[in-house]
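Peer 1: One structure, pasted below without further comment.
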Amino acid sequence: MEGNKKQMLATLVGCNYAGTPHELRGCINDVLAMRGTLVARFGFAPGDITVLTDDDRSAAVLPTGANIKRALADMVARAAPGDVLFFHYSGHGTLVPHRRGRGQDEAIVPCDFNLITDVDFRQLVDRVPQGATFTMVSDSCHSGGLIDQEKEQIGPVVVNDLADGSTTRAVVRARFLPYAAVVGHLSGASGVDASHHVADHLLALFGADASAKFHHQQRHHDAPTPSPDGGILLSGCQTDETSADDEAADGGKACGAFSSAVQAVLAAHPAPLSNREVVGRARELLREQGVEQHPCLYCSDANADAPFLCQQEEEPAAIPAL
């Protein structure tokens, strides 16, 4: 890093799962739109944005579980205090039941089904240098709480928007894979009976590249009080909800309802918005559109009111001397 200039680094992942029973339409469009916004509005350098999509199966780097984790780890390794790190994921999400006892954990579903869980994101955020931020936008089902132990600011417990009262619109497909579908898909390749927990399939298929959650089984059922850190999660919905993948209408492009709402909010408000404002306004917009999902915000109190992606007010133009 040259001098003390702040780095702005991003990893964008879109999985459409084309040609599979789980195909989506708008995920790659989401990340391409976000890439344009990062460059035009927030000043990210194109060379500092890594994009992983599954539209070209012959691509050298597909958004597999290992490749996504490697890209994120590389981004965090480059970071220094004060840097801005950003991760956008559009694709399927799922819930993984605990092997013992009740409860479920959130996960995203890369193109090879090598799940990345809330524990993986917690470990990633724990490696972010003090003073840097790691902002994550996840437009996937059950995405609330994807950074384990991060403090809820807007969500099922803390609600900052108006009560729902509008009619709902038709949703083409939810970005959700049932647990049974994940296990069914993996069991065909793992050789492990489908009655086994997903951990057994993932460890058999991916070994060391499987989620840390399944290696250590160290989920904290009685989670400690979250401590302030640089993690900021803007989720497309609550843990118990699905996120909509909308087909193109009126000649437009297919997109995720939450991703589209975030883009609309940013376009309508050129001045900096706090993380709380982005989520609150996206919630209100989706309610007005009749979409039955509730975006959430998880982060420290300070980061809730900090500008989204640390956008700064533009300096007023200097008045030339007479």
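How things are named: the first chain in the structure tokens is A, the next is B, and so on; residues count from 1 in each chain; ligands count from 1 in the order shown.
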If we count only C-alpha atoms, what is near His197 (chain A) at a cut-off of 9 Å, once residues fewer than 2 positions away on the same chain are taken out, given as a PyMOL selection string?
Peer 2: chain A and resi 97-99+183+194-195+199-201
Peer 1: Val157 (chain A): which residues within 12 Å, counting only C-alpha atoms, same-chain residues fewer than 5 positions away excluded, as a list in words?
Peer 2: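 Near neighbours after the sequence-gap exclusion: Gly144, Lys151, Glu152, Gln238, Thr239, His294, Cys296, Leu297 and Tyr298 of chain A.
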Peer 1: Can I get the selection written as a PDB file, in the first residue's frame, with N, CA and C atoms?
Peer 2:
ATOM      1  N   GLY A 144     -29.816 -13.880   7.333  1.00  0.00           N
ATOM      2  CA  GLY A 144     -29.681 -13.183   8.604  1.00  0.00           C
ATOM      3  C   GLY A 144     -28.794 -13.975   9.551  1.00  0.00           C
ATOM      4  N   LYS A 151     -23.649  -8.631  16.294  1.00  0.00           N
ATOM      5  CA  LYS A 151     -24.782  -8.023  16.990  1.00  0.00           C
ATOM      6  C   LYS A 151     -25.881  -7.597  16.016  1.00  0.00           C
ATOM      7  N   GLU A 152     -27.110  -7.964  16.329  1.00  0.00           N
ATOM      8  CA  GLU A 152     -28.253  -7.564  15.510  1.00  0.00           C
ATOM      9  C   GLU A 152     -28.594  -6.094  15.749  1.00  0.00           C
ATOM     10  N   GLN A 238     -34.355 -12.286   6.869  1.00  0.00           N
ATOM     11  CA  GLN A 238     -34.130 -12.847   8.183  1.00  0.00           C
ATOM     12  C   GLN A 238     -33.736 -14.321   8.067  1.00  0.00           C
ATOM     13  N   THR A 239     -33.227 -14.871   9.172  1.00  0.00           N
ATOM     14  CA  THR A 239     -32.792 -16.264   9.172  1.00  0.00           C
ATOM     15  C   THR A 239     -33.912 -17.215   8.767  1.00  0.00           C
ATOM     16  N   HIS A 294     -37.425  -9.426   4.761  1.00  0.00           N
ATOM     17  CA  HIS A 294     -37.047  -8.313   5.615  1.00  0.00           C
ATOM     18  C   HIS A 294     -35.526  -8.266   5.761  1.00  0.00           C
ATOM     19  N   CYS A 296     -31.818  -7.384   6.959  1.00  0.00           N
ATOM     20  CA  CYS A 296     -31.337  -7.223   8.329  1.00  0.00           C
ATOM     21  C   CYS A 296     -29.943  -6.606   8.335  1.00  0.00           C
ATOM     22  N   LEU A 297     -29.569  -6.067   9.485  1.00  0.00           N
ATOM     23  CA  LEU A 297     -28.243  -5.492   9.669  1.00  0.00           C
ATOM     24  C   LEU A 297     -27.640  -6.052  10.940  1.00  0.00           C
ATOM     25  N   TYR A 298     -26.420  -6.563  10.830  1.00  0.00           N
ATOM     26  CA  TYR A 298     -25.678  -7.095  11.974  1.00  0.00           C
ATOM     27  C   TYR A 298     -24.294  -6.442  11.991  1.00  0.00           C
TER      28      TYR A 298
END
Peer 1: Excluding Ile154 (chain A) and its own-chain neighbours fewer than 3 positions away, which residues fall within 12 Å of it when counting only C-alpha atoms? Please give them as a PyMOL selection string.
Peer 2: chain A and resi 144-145+150-151+157-161+232-238+275-283+294-301+304-305
Peer 1: Just to be explicit: take each residue in the selection above, keep N, CA and C atoms, and write the result as an mmCIF file, in the first residue's frame.
Peer 2:
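Saved the output as out.cif:
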data_model
loop_
_atom_site.group_PDB
_atom_site.id
_atom_site.type_symbol
_atom_site.label_atom_id
_atom_site.label_comp_id
_atom_site.auth_asym_id
_atom_site.auth_seq_id
_atom_site.Cartn_x
_atom_site.Cartn_y
_atom_site.Cartn_z
ATOM 1 N N GLY A 144 -29.816 -13.880 7.333
ATOM 2 C CA GLY A 144 -29.681 -13.183 8.604
ATOM 3 C C GLY A 144 -28.794 -13.975 9.551
ATOM 4 N N GLY A 145 -27.786 -13.335 10.127
ATOM 5 C CA GLY A 145 -26.891 -14.029 11.053
ATOM 6 C C GLY A 145 -25.745 -14.762 10.406
ATOM 7 N N GLU A 150 -22.393 -11.868 15.442
ATOM 8 C CA GLU A 150 -22.424 -10.422 15.180
ATOM 9 C C GLU A 150 -23.715 -9.839 15.762
ATOM 10 N N LYS A 151 -23.649 -8.631 16.294
ATOM 11 C CA LYS A 151 -24.782 -8.023 16.990
ATOM 12 C C LYS A 151 -25.881 -7.597 16.016
ATOM 13 N N VAL A 157 -35.543 -9.196 16.102
ATOM 14 C CA VAL A 157 -35.691 -8.653 17.453
ATOM 15 C C VAL A 157 -35.767 -7.135 17.428
ATOM 16 N N VAL A 158 -34.915 -6.514 16.626
ATOM 17 C CA VAL A 158 -34.862 -5.052 16.544
ATOM 18 C C VAL A 158 -35.396 -4.646 15.183
ATOM 19 N N VAL A 159 -36.570 -4.013 15.143
ATOM 20 C CA VAL A 159 -37.226 -3.640 13.899
ATOM 21 C C VAL A 159 -37.240 -2.128 13.784
ATOM 22 N N ASN A 160 -36.757 -1.613 12.651
ATOM 23 C CA ASN A 160 -36.671 -0.169 12.456
ATOM 24 C C ASN A 160 -37.551 0.344 11.327
ATOM 25 N N ASP A 161 -38.477 -0.481 10.842
ATOM 26 C CA ASP A 161 -39.301 0.020 9.743
ATOM 27 C C ASP A 161 -40.781 -0.082 10.107
ATOM 28 N N ILE A 232 -19.628 -6.261 9.165
ATOM 29 C CA ILE A 232 -20.900 -5.589 8.896
ATOM 30 C C ILE A 232 -21.658 -6.460 7.904
ATOM 31 N N LEU A 233 -22.794 -7.007 8.321
ATOM 32 C CA LEU A 233 -23.602 -7.873 7.465
ATOM 33 C C LEU A 233 -24.913 -7.186 7.112
ATOM 34 N N LEU A 234 -25.150 -6.999 5.807
ATOM 35 C CA LEU A 234 -26.443 -6.577 5.299
ATOM 36 C C LEU A 234 -27.044 -7.796 4.618
ATOM 37 N N SER A 235 -28.034 -8.404 5.238
ATOM 38 C CA SER A 235 -28.602 -9.648 4.718
ATOM 39 C C SER A 235 -29.908 -9.369 3.981
ATOM 40 N N GLY A 236 -30.170 -10.174 2.966
ATOM 41 C CA GLY A 236 -31.371 -9.988 2.163
ATOM 42 C C GLY A 236 -32.648 -10.309 2.882
ATOM 43 N N CYS A 237 -32.550 -11.076 3.967
ATOM 44 C CA CYS A 237 -33.748 -11.482 4.691
ATOM 45 C C CYS A 237 -33.354 -11.960 6.081
ATOM 46 N N GLN A 238 -34.355 -12.286 6.869
ATOM 47 C CA GLN A 238 -34.130 -12.847 8.183
ATOM 48 C C GLN A 238 -33.736 -14.321 8.067
ATOM 49 N N ASN A 275 -25.035 2.478 7.216
ATOM 50 C CA ASN A 275 -25.452 1.084 7.030
ATOM 51 C C ASN A 275 -26.894 0.892 7.496
ATOM 52 N N ARG A 276 -27.251 1.542 8.589
ATOM 53 C CA ARG A 276 -28.615 1.440 9.107
ATOM 54 C C ARG A 276 -29.621 2.023 8.104
ATOM 55 N N GLU A 277 -29.259 3.145 7.481
ATOM 56 C CA GLU A 277 -30.161 3.776 6.521
ATOM 57 C C GLU A 277 -30.322 2.927 5.263
ATOM 58 N N VAL A 278 -29.243 2.335 4.781
ATOM 59 C CA VAL A 278 -29.341 1.497 3.583
ATOM 60 C C VAL A 278 -30.306 0.342 3.827
ATOM 61 N N VAL A 279 -30.160 -0.344 4.962
ATOM 62 C CA VAL A 279 -31.031 -1.488 5.243
ATOM 63 C C VAL A 279 -32.463 -1.020 5.503
ATOM 64 N N GLY A 280 -32.619 0.043 6.284
ATOM 65 C CA GLY A 280 -33.963 0.528 6.581
ATOM 66 C C GLY A 280 -34.711 0.957 5.333
ATOM 67 N N ARG A 281 -34.024 1.682 4.433
ATOM 68 C CA ARG A 281 -34.680 2.130 3.203
ATOM 69 C C ARG A 281 -34.949 0.957 2.259
ATOM 70 N N ALA A 282 -34.050 -0.023 2.217
ATOM 71 C CA ALA A 282 -34.298 -1.207 1.391
ATOM 72 C C ALA A 282 -35.499 -1.986 1.919
ATOM 73 N N ARG A 283 -35.622 -2.079 3.222
ATOM 74 C CA ARG A 283 -36.799 -2.731 3.828
ATOM 75 C C ARG A 283 -38.084 -2.035 3.408
ATOM 76 N N HIS A 294 -37.425 -9.426 4.761
ATOM 77 C CA HIS A 294 -37.047 -8.313 5.615
ATOM 78 C C HIS A 294 -35.526 -8.266 5.761
ATOM 79 N N PRO A 295 -34.853 -7.400 5.007
ATOM 80 C CA PRO A 295 -33.402 -7.273 5.149
ATOM 81 C C PRO A 295 -33.007 -6.946 6.580
ATOM 82 N N CYS A 296 -31.818 -7.384 6.959
ATOM 83 C CA CYS A 296 -31.337 -7.223 8.329
ATOM 84 C C CYS A 296 -29.943 -6.606 8.335
ATOM 85 N N LEU A 297 -29.569 -6.067 9.485
ATOM 86 C CA LEU A 297 -28.243 -5.492 9.669
ATOM 87 C C LEU A 297 -27.640 -6.052 10.940
ATOM 88 N N TYR A 298 -26.420 -6.563 10.830
ATOM 89 C CA TYR A 298 -25.678 -7.095 11.974
ATOM 90 C C TYR A 298 -24.294 -6.442 11.991
ATOM 91 N N CYS A 299 -23.972 -5.746 13.074
ATOM 92 C CA CYS A 299 -22.667 -5.102 13.205
ATOM 93 C C CYS A 299 -22.590 -4.437 14.572
ATOM 94 N N SER A 300 -21.484 -3.788 14.858
ATOM 95 C CA SER A 300 -21.348 -3.052 16.109
ATOM 96 C C SER A 300 -22.213 -1.798 16.070
ATOM 97 N N ASP A 301 -22.463 -1.207 17.238
ATOM 98 C CA ASP A 301 -23.252 0.019 17.299
ATOM 99 C C ASP A 301 -22.610 1.125 16.466
ATOM 100 N N ALA A 304 -23.090 0.555 12.739
ATOM 101 C CA ALA A 304 -24.470 0.703 12.275
ATOM 102 C C ALA A 304 -24.717 2.105 11.743
ATOM 103 N N ASP A 305 -24.113 3.090 12.385
ATOM 104 C CA ASP A 305 -24.326 4.482 11.995
ATOM 105 C C ASP A 305 -23.183 5.048 11.166
#
Peer 1: Nearest to Pro81 (chain A) among A:Phe206, A:Phe134, A:Phe42, A:Phe121, with distances taken over only C-alpha atoms: which residue is it?
Peer 2: A:Phe134
Peer 1: With only C-alpha atoms as the counted atoms, please give the residues lying no more than 12 Å from Pro110 (chain A), apart from itself and same-chain residues fewer than 3 positions off, as a PDB file with N, CA, C and O atoms, in the first residue's frame.
Peer 2:
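Printed below is part.pdb as written:
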ATOM      1  N   VAL A  13     -19.442 -12.428  -5.773  1.00  0.00           N
ATOM      2  CA  VAL A  13     -19.732 -13.806  -6.168  1.00  0.00           C
ATOM      3  C   VAL A  13     -21.184 -13.935  -6.596  1.00  0.00           C
ATOM      4  O   VAL A  13     -22.098 -13.549  -5.855  1.00  0.00           O
ATOM      5  N   GLY A  14     -21.401 -14.471  -7.796  1.00  0.00           N
ATOM      6  CA  GLY A  14     -22.752 -14.734  -8.288  1.00  0.00           C
ATOM      7  C   GLY A  14     -22.865 -16.149  -8.814  1.00  0.00           C
ATOM      8  O   GLY A  14     -22.091 -16.560  -9.682  1.00  0.00           O
ATOM      9  N   CYS A  15     -23.824 -16.905  -8.272  1.00  0.00           N
ATOM     10  CA  CYS A  15     -24.035 -18.302  -8.681  1.00  0.00           C
ATOM     11  C   CYS A  15     -25.455 -18.459  -9.230  1.00  0.00           C
ATOM     12  O   CYS A  15     -26.430 -18.329  -8.479  1.00  0.00           O
ATOM     13  N   ASN A  16     -25.571 -18.770 -10.529  1.00  0.00           N
ATOM     14  CA  ASN A  16     -26.879 -19.017 -11.141  1.00  0.00           C
ATOM     15  C   ASN A  16     -27.201 -20.507 -11.262  1.00  0.00           C
ATOM     16  O   ASN A  16     -28.343 -20.855 -11.560  1.00  0.00           O
ATOM     17  N   TYR A  17     -26.196 -21.392 -11.086  1.00  0.00           N
ATOM     18  CA  TYR A  17     -26.411 -22.851 -11.131  1.00  0.00           C
ATOM     19  C   TYR A  17     -27.095 -23.280 -12.435  1.00  0.00           C
ATOM     20  O   TYR A  17     -27.984 -24.142 -12.448  1.00  0.00           O
ATOM     21  N   HIS A  22     -31.666 -26.397  -9.701  1.00  0.00           N
ATOM     22  CA  HIS A  22     -31.672 -25.298  -8.736  1.00  0.00           C
ATOM     23  C   HIS A  22     -31.340 -23.963  -9.393  1.00  0.00           C
ATOM     24  O   HIS A  22     -30.939 -23.018  -8.734  1.00  0.00           O
ATOM     25  N   CYS A  27     -28.519 -13.733 -10.267  1.00  0.00           N
ATOM     26  CA  CYS A  27     -27.382 -13.588  -9.349  1.00  0.00           C
ATOM     27  C   CYS A  27     -26.159 -12.959 -10.007  1.00  0.00           C
ATOM     28  O   CYS A  27     -25.486 -12.107  -9.407  1.00  0.00           O
ATOM     29  N   LEU A  52     -16.267 -13.603  -9.192  1.00  0.00           N
ATOM     30  CA  LEU A  52     -16.374 -15.048  -9.435  1.00  0.00           C
ATOM     31  C   LEU A  52     -17.820 -15.371  -9.802  1.00  0.00           C
ATOM     32  O   LEU A  52     -18.732 -15.139  -9.009  1.00  0.00           O
ATOM     33  N   THR A  53     -18.030 -15.897 -11.000  1.00  0.00           N
ATOM     34  CA  THR A  53     -19.365 -16.288 -11.435  1.00  0.00           C
ATOM     35  C   THR A  53     -19.300 -17.664 -12.089  1.00  0.00           C
ATOM     36  O   THR A  53     -18.232 -18.114 -12.508  1.00  0.00           O
ATOM     37  N   ASP A  54     -20.448 -18.315 -12.179  1.00  0.00           N
ATOM     38  CA  ASP A  54     -20.485 -19.668 -12.739  1.00  0.00           C
ATOM     39  C   ASP A  54     -21.139 -19.703 -14.112  1.00  0.00           C
ATOM     40  O   ASP A  54     -21.649 -20.746 -14.531  1.00  0.00           O
ATOM     41  N   LEU A  62     -13.850 -20.813 -10.826  1.00  0.00           N
ATOM     42  CA  LEU A  62     -15.292 -20.827 -10.589  1.00  0.00           C
ATOM     43  C   LEU A  62     -15.571 -20.511  -9.115  1.00  0.00           C
ATOM     44  O   LEU A  62     -14.695 -20.673  -8.258  1.00  0.00           O
ATOM     45  N   PRO A  63     -16.790 -20.091  -8.784  1.00  0.00           N
ATOM     46  CA  PRO A  63     -17.125 -19.794  -7.388  1.00  0.00           C
ATOM     47  C   PRO A  63     -17.424 -21.056  -6.576  1.00  0.00           C
ATOM     48  O   PRO A  63     -18.529 -21.267  -6.077  1.00  0.00           O
ATOM     49  N   THR A  64     -16.416 -21.912  -6.472  1.00  0.00           N
ATOM     50  CA  THR A  64     -16.527 -23.076  -5.593  1.00  0.00           C
ATOM     51  C   THR A  64     -16.305 -22.624  -4.145  1.00  0.00           C
ATOM     52  O   THR A  64     -15.827 -21.509  -3.887  1.00  0.00           O
ATOM     53  N   GLY A  65     -16.602 -23.501  -3.217  1.00  0.00           N
ATOM     54  CA  GLY A  65     -16.374 -23.149  -1.818  1.00  0.00           C
ATOM     55  C   GLY A  65     -14.928 -22.796  -1.548  1.00  0.00           C
ATOM     56  O   GLY A  65     -14.622 -21.788  -0.901  1.00  0.00           O
ATOM     57  N   ALA A  66     -14.006 -23.609  -2.045  1.00  0.00           N
ATOM     58  CA  ALA A  66     -12.583 -23.358  -1.814  1.00  0.00           C
ATOM     59  C   ALA A  66     -12.128 -22.063  -2.469  1.00  0.00           C
ATOM     60  O   ALA A  66     -11.373 -21.285  -1.874  1.00  0.00           O
ATOM     61  N   ASN A  67     -12.597 -21.798  -3.695  1.00  0.00           N
ATOM     62  CA  ASN A  67     -12.161 -20.590  -4.394  1.00  0.00           C
ATOM     63  C   ASN A  67     -12.716 -19.325  -3.746  1.00  0.00           C
ATOM     64  O   ASN A  67     -12.037 -18.293  -3.692  1.00  0.00           O
ATOM     65  N   ILE A  68     -13.955 -19.369  -3.274  1.00  0.00           N
ATOM     66  CA  ILE A  68     -14.514 -18.204  -2.595  1.00  0.00           C
ATOM     67  C   ILE A  68     -13.744 -17.932  -1.307  1.00  0.00           C
ATOM     68  O   ILE A  68     -13.356 -16.785  -1.029  1.00  0.00           O
ATOM     69  N   LYS A  69     -13.497 -18.965  -0.524  1.00  0.00           N
ATOM     70  CA  LYS A  69     -12.768 -18.767   0.740  1.00  0.00           C
ATOM     71  C   LYS A  69     -11.339 -18.291   0.469  1.00  0.00           C
ATOM     72  O   LYS A  69     -10.806 -17.464   1.224  1.00  0.00           O
ATOM     73  N   TYR A  89     -22.451 -11.488  -2.127  1.00  0.00           N
ATOM     74  CA  TYR A  89     -22.809 -12.843  -2.559  1.00  0.00           C
ATOM     75  C   TYR A  89     -24.261 -12.858  -2.994  1.00  0.00           C
ATOM     76  O   TYR A  89     -25.152 -12.422  -2.258  1.00  0.00           O
ATOM     77  N   SER A  90     -24.504 -13.368  -4.194  1.00  0.00           N
ATOM     78  CA  SER A  90     -25.858 -13.635  -4.667  1.00  0.00           C
ATOM     79  C   SER A  90     -25.915 -15.090  -5.109  1.00  0.00           C
ATOM     80  O   SER A  90     -25.131 -15.522  -5.964  1.00  0.00           O
ATOM     81  N   GLY A  91     -26.829 -15.827  -4.511  1.00  0.00           N
ATOM     82  CA  GLY A  91     -26.961 -17.249  -4.814  1.00  0.00           C
ATOM     83  C   GLY A  91     -27.850 -17.911  -3.784  1.00  0.00           C
ATOM     84  O   GLY A  91     -28.535 -17.240  -3.006  1.00  0.00           O
ATOM     85  N   HIS A  92     -27.821 -19.226  -3.776  1.00  0.00           N
ATOM     86  CA  HIS A  92     -28.645 -19.973  -2.833  1.00  0.00           C
ATOM     87  C   HIS A  92     -28.062 -19.916  -1.423  1.00  0.00           C
ATOM     88  O   HIS A  92     -26.833 -19.848  -1.230  1.00  0.00           O
ATOM     89  N   GLY A  93     -28.945 -19.944  -0.446  1.00  0.00           N
ATOM     90  CA  GLY A  93     -28.578 -20.129   0.946  1.00  0.00           C
ATOM     91  C   GLY A  93     -29.313 -21.334   1.493  1.00  0.00           C
ATOM     92  O   GLY A  93     -30.264 -21.832   0.883  1.00  0.00           O
ATOM     93  N   THR A  94     -28.880 -21.811   2.643  1.00  0.00           N
ATOM     94  CA  THR A  94     -29.552 -22.947   3.269  1.00  0.00           C
ATOM     95  C   THR A  94     -29.342 -22.897   4.772  1.00  0.00           C
ATOM     96  O   THR A  94     -28.584 -22.060   5.281  1.00  0.00           O
ATOM     97  N   ALA A 107     -25.860 -20.857   6.037  1.00  0.00           N
ATOM     98  CA  ALA A 107     -24.757 -21.147   5.115  1.00  0.00           C
ATOM     99  C   ALA A 107     -25.106 -20.644   3.725  1.00  0.00           C
ATOM    100  O   ALA A 107     -26.286 -20.529   3.367  1.00  0.00           O
ATOM    101  N   PHE A 113     -21.489 -26.755  -4.102  1.00  0.00           N
ATOM    102  CA  PHE A 113     -22.227 -27.150  -2.895  1.00  0.00           C
ATOM    103  C   PHE A 113     -21.318 -27.351  -1.677  1.00  0.00           C
ATOM    104  O   PHE A 113     -21.739 -27.948  -0.690  1.00  0.00           O
ATOM    105  N   ASN A 114     -20.090 -26.885  -1.725  1.00  0.00           N
ATOM    106  CA  ASN A 114     -19.190 -26.949  -0.580  1.00  0.00           C
ATOM    107  C   ASN A 114     -19.541 -25.777   0.334  1.00  0.00           C
ATOM    108  O   ASN A 114     -18.976 -24.691   0.228  1.00  0.00           O
ATOM    109  N   LEU A 115     -20.478 -26.001   1.237  1.00  0.00           N
ATOM    110  CA  LEU A 115     -21.092 -24.939   2.026  1.00  0.00           C
ATOM    111  C   LEU A 115     -20.075 -24.077   2.769  1.00  0.00           C
ATOM    112  O   LEU A 115     -19.085 -24.573   3.311  1.00  0.00           O
ATOM    113  N   ILE A 116     -20.354 -22.776   2.823  1.00  0.00           N
ATOM    114  CA  ILE A 116     -19.594 -21.835   3.641  1.00  0.00           C
ATOM    115  C   ILE A 116     -20.550 -21.335   4.711  1.00  0.00           C
ATOM    116  O   ILE A 116     -21.605 -20.782   4.399  1.00  0.00           O
ATOM    117  N   THR A 117     -20.198 -21.553   5.968  1.00  0.00           N
ATOM    118  CA  THR A 117     -21.130 -21.324   7.070  1.00  0.00           C
ATOM    119  C   THR A 117     -20.837 -20.035   7.828  1.00  0.00           C
ATOM    120  O   THR A 117     -19.824 -19.365   7.601  1.00  0.00           O
ATOM    121  N   SER A 140     -29.317 -13.888  -0.328  1.00  0.00           N
ATOM    122  CA  SER A 140     -29.573 -15.324  -0.336  1.00  0.00           C
ATOM    123  C   SER A 140     -30.567 -15.635   0.773  1.00  0.00           C
ATOM    124  O   SER A 140     -30.759 -14.853   1.703  1.00  0.00           O
ATOM    125  N   LEU A 177     -32.161 -23.461  -0.921  1.00  0.00           N
ATOM    126  CA  LEU A 177     -32.043 -24.898  -1.139  1.00  0.00           C
ATOM    127  C   LEU A 177     -32.373 -25.610   0.164  1.00  0.00           C
ATOM    128  O   LEU A 177     -31.662 -25.424   1.163  1.00  0.00           O
ATOM    129  N   VAL A 182     -29.678 -30.312  -0.538  1.00  0.00           N
ATOM    130  CA  VAL A 182     -28.219 -30.204  -0.461  1.00  0.00           C
ATOM    131  C   VAL A 182     -27.606 -31.581  -0.235  1.00  0.00           C
ATOM    132  O   VAL A 182     -26.672 -31.993  -0.917  1.00  0.00           O
ATOM    133  N   ALA A 210     -13.495 -28.207   3.325  1.00  0.00           N
ATOM    134  CA  ALA A 210     -14.844 -28.109   3.881  1.00  0.00           C
ATOM    135  C   ALA A 210     -14.869 -27.063   4.988  1.00  0.00           C
ATOM    136  O   ALA A 210     -13.839 -26.680   5.545  1.00  0.00           O
ATOM    137  N   SER A 211     -16.063 -26.596   5.312  1.00  0.00           N
ATOM    138  CA  SER A 211     -16.219 -25.553   6.321  1.00  0.00           C
ATOM    139  C   SER A 211     -15.554 -25.922   7.641  1.00  0.00           C
ATOM    140  O   SER A 211     -15.601 -27.077   8.082  1.00  0.00           O
TER     141      SER A 211
END
Peer 1: State, in Å with one decimal place, the distance from CA of Gly230 (chain A) to CA of Val51 (chain A).
Peer 2: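 Distance reported for this atom pair: 22.3 Å.
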Peer 1: Write down as a PyMOL selection string the residues belonging to region 55-106 of chain A that are assigned strand (DSSP E or B) by DSSP computed on the backbone.
Peer 2: chain A and resi 84-90+93-97+104-106
Peer 1: Next, dump the selected residues to file, keeping only C-alpha atoms, as a compact mmCIF listing (two decimals), in the first residue's frame.
Peer 2:
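Final output, saved to again31.txt:
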# COMPACT_ATOMS: atom_id res chain seq x y z
CA VAL A 84 -12.46 -1.05 3.35
CA LEU A 85 -13.22 -4.68 2.43
CA PHE A 86 -16.44 -5.68 0.68
CA PHE A 87 -18.02 -9.05 -0.14
CA HIS A 88 -21.22 -9.42 -2.17
CA TYR A 89 -22.81 -12.84 -2.56
CA SER A 90 -25.86 -13.64 -4.67
CA GLY A 93 -28.58 -20.13 0.95
CA THR A 94 -29.55 -22.95 3.27
CA LEU A 95 -29.89 -23.91 6.92
CA VAL A 96 -27.76 -26.71 8.40
CA PRO A 97 -29.21 -28.56 11.41
CA GLN A 104 -29.77 -24.60 12.70
CA ASP A 105 -26.91 -22.56 11.25
CA GLU A 106 -26.85 -20.34 8.19
Peer 1: List the neighbours of Gln263 (chain A) out to 9 Å using only C-alpha atoms; skip same-chain residues closer than 3 positions along the sequence, and give me the result as a ChimeraX atom specification.
Peer 2: /A:33-34,37,258-260,266-268
Peer 1: Could you write those residues out with N, CA, C and O atoms, as a PDB file, in the first residue's frame?
Peer 2:
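After the write, selection-v7.pdb holds the following:
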ATOM      1  N   ALA A  33     -23.857  -5.494 -11.582  1.00  0.00           N
ATOM      2  CA  ALA A  33     -24.375  -4.172 -11.231  1.00  0.00           C
ATOM      3  C   ALA A  33     -23.617  -3.596 -10.044  1.00  0.00           C
ATOM      4  O   ALA A  33     -23.277  -2.405 -10.021  1.00  0.00           O
ATOM      5  N   MET A  34     -23.331  -4.434  -9.055  1.00  0.00           N
ATOM      6  CA  MET A  34     -22.602  -3.956  -7.884  1.00  0.00           C
ATOM      7  C   MET A  34     -21.181  -3.549  -8.262  1.00  0.00           C
ATOM      8  O   MET A  34     -20.650  -2.558  -7.722  1.00  0.00           O
ATOM      9  N   THR A  37     -21.295  -0.087  -9.523  1.00  0.00           N
ATOM     10  CA  THR A  37     -21.547   0.870  -8.443  1.00  0.00           C
ATOM     11  C   THR A  37     -20.296   1.101  -7.609  1.00  0.00           C
ATOM     12  O   THR A  37     -20.004   2.235  -7.205  1.00  0.00           O
ATOM     13  N   PHE A 258     -33.441  -7.991  -3.158  1.00  0.00           N
ATOM     14  CA  PHE A 258     -32.671  -7.178  -2.212  1.00  0.00           C
ATOM     15  C   PHE A 258     -31.563  -6.411  -2.921  1.00  0.00           C
ATOM     16  O   PHE A 258     -31.366  -5.217  -2.684  1.00  0.00           O
ATOM     17  N   SER A 259     -30.825  -7.073  -3.804  1.00  0.00           N
ATOM     18  CA  SER A 259     -29.767  -6.389  -4.547  1.00  0.00           C
ATOM     19  C   SER A 259     -30.329  -5.214  -5.327  1.00  0.00           C
ATOM     20  O   SER A 259     -29.747  -4.119  -5.360  1.00  0.00           O
ATOM     21  N   SER A 260     -31.485  -5.426  -5.974  1.00  0.00           N
ATOM     22  CA  SER A 260     -32.118  -4.366  -6.732  1.00  0.00           C
ATOM     23  C   SER A 260     -32.545  -3.216  -5.828  1.00  0.00           C
ATOM     24  O   SER A 260     -32.400  -2.035  -6.184  1.00  0.00           O
ATOM     25  N   LEU A 266     -29.330   3.445  -3.260  1.00  0.00           N
ATOM     26  CA  LEU A 266     -28.101   4.203  -3.497  1.00  0.00           C
ATOM     27  C   LEU A 266     -28.287   5.216  -4.632  1.00  0.00           C
ATOM     28  O   LEU A 266     -27.803   6.345  -4.552  1.00  0.00           O
ATOM     29  N   ALA A 267     -28.997   4.820  -5.684  1.00  0.00           N
ATOM     30  CA  ALA A 267     -29.206   5.725  -6.805  1.00  0.00           C
ATOM     31  C   ALA A 267     -30.050   6.936  -6.404  1.00  0.00           C
ATOM     32  O   ALA A 267     -29.846   8.039  -6.919  1.00  0.00           O
ATOM     33  N   ALA A 268     -30.990   6.742  -5.490  1.00  0.00           N
ATOM     34  CA  ALA A 268     -31.879   7.826  -5.062  1.00  0.00           C
ATOM     35  C   ALA A 268     -31.240   8.757  -4.046  1.00  0.00           C
ATOM     36  O   ALA A 268     -31.760   9.845  -3.792  1.00  0.00           O
TER      37      ALA A 268
END
Peer 1: Where in region 29-137 of chain A does DSSP assign alpha helix (DSSP H), given as a ChimeraX atom specification?
Peer 2: /A:29-40,65-78,118-126
Peer 1: In Å to one decimal, how far is CA of Leu24 (chain A) from CA of Asp139 (chain A)?
Peer 2: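 Distance reported for this atom pair: 12.2 Å.
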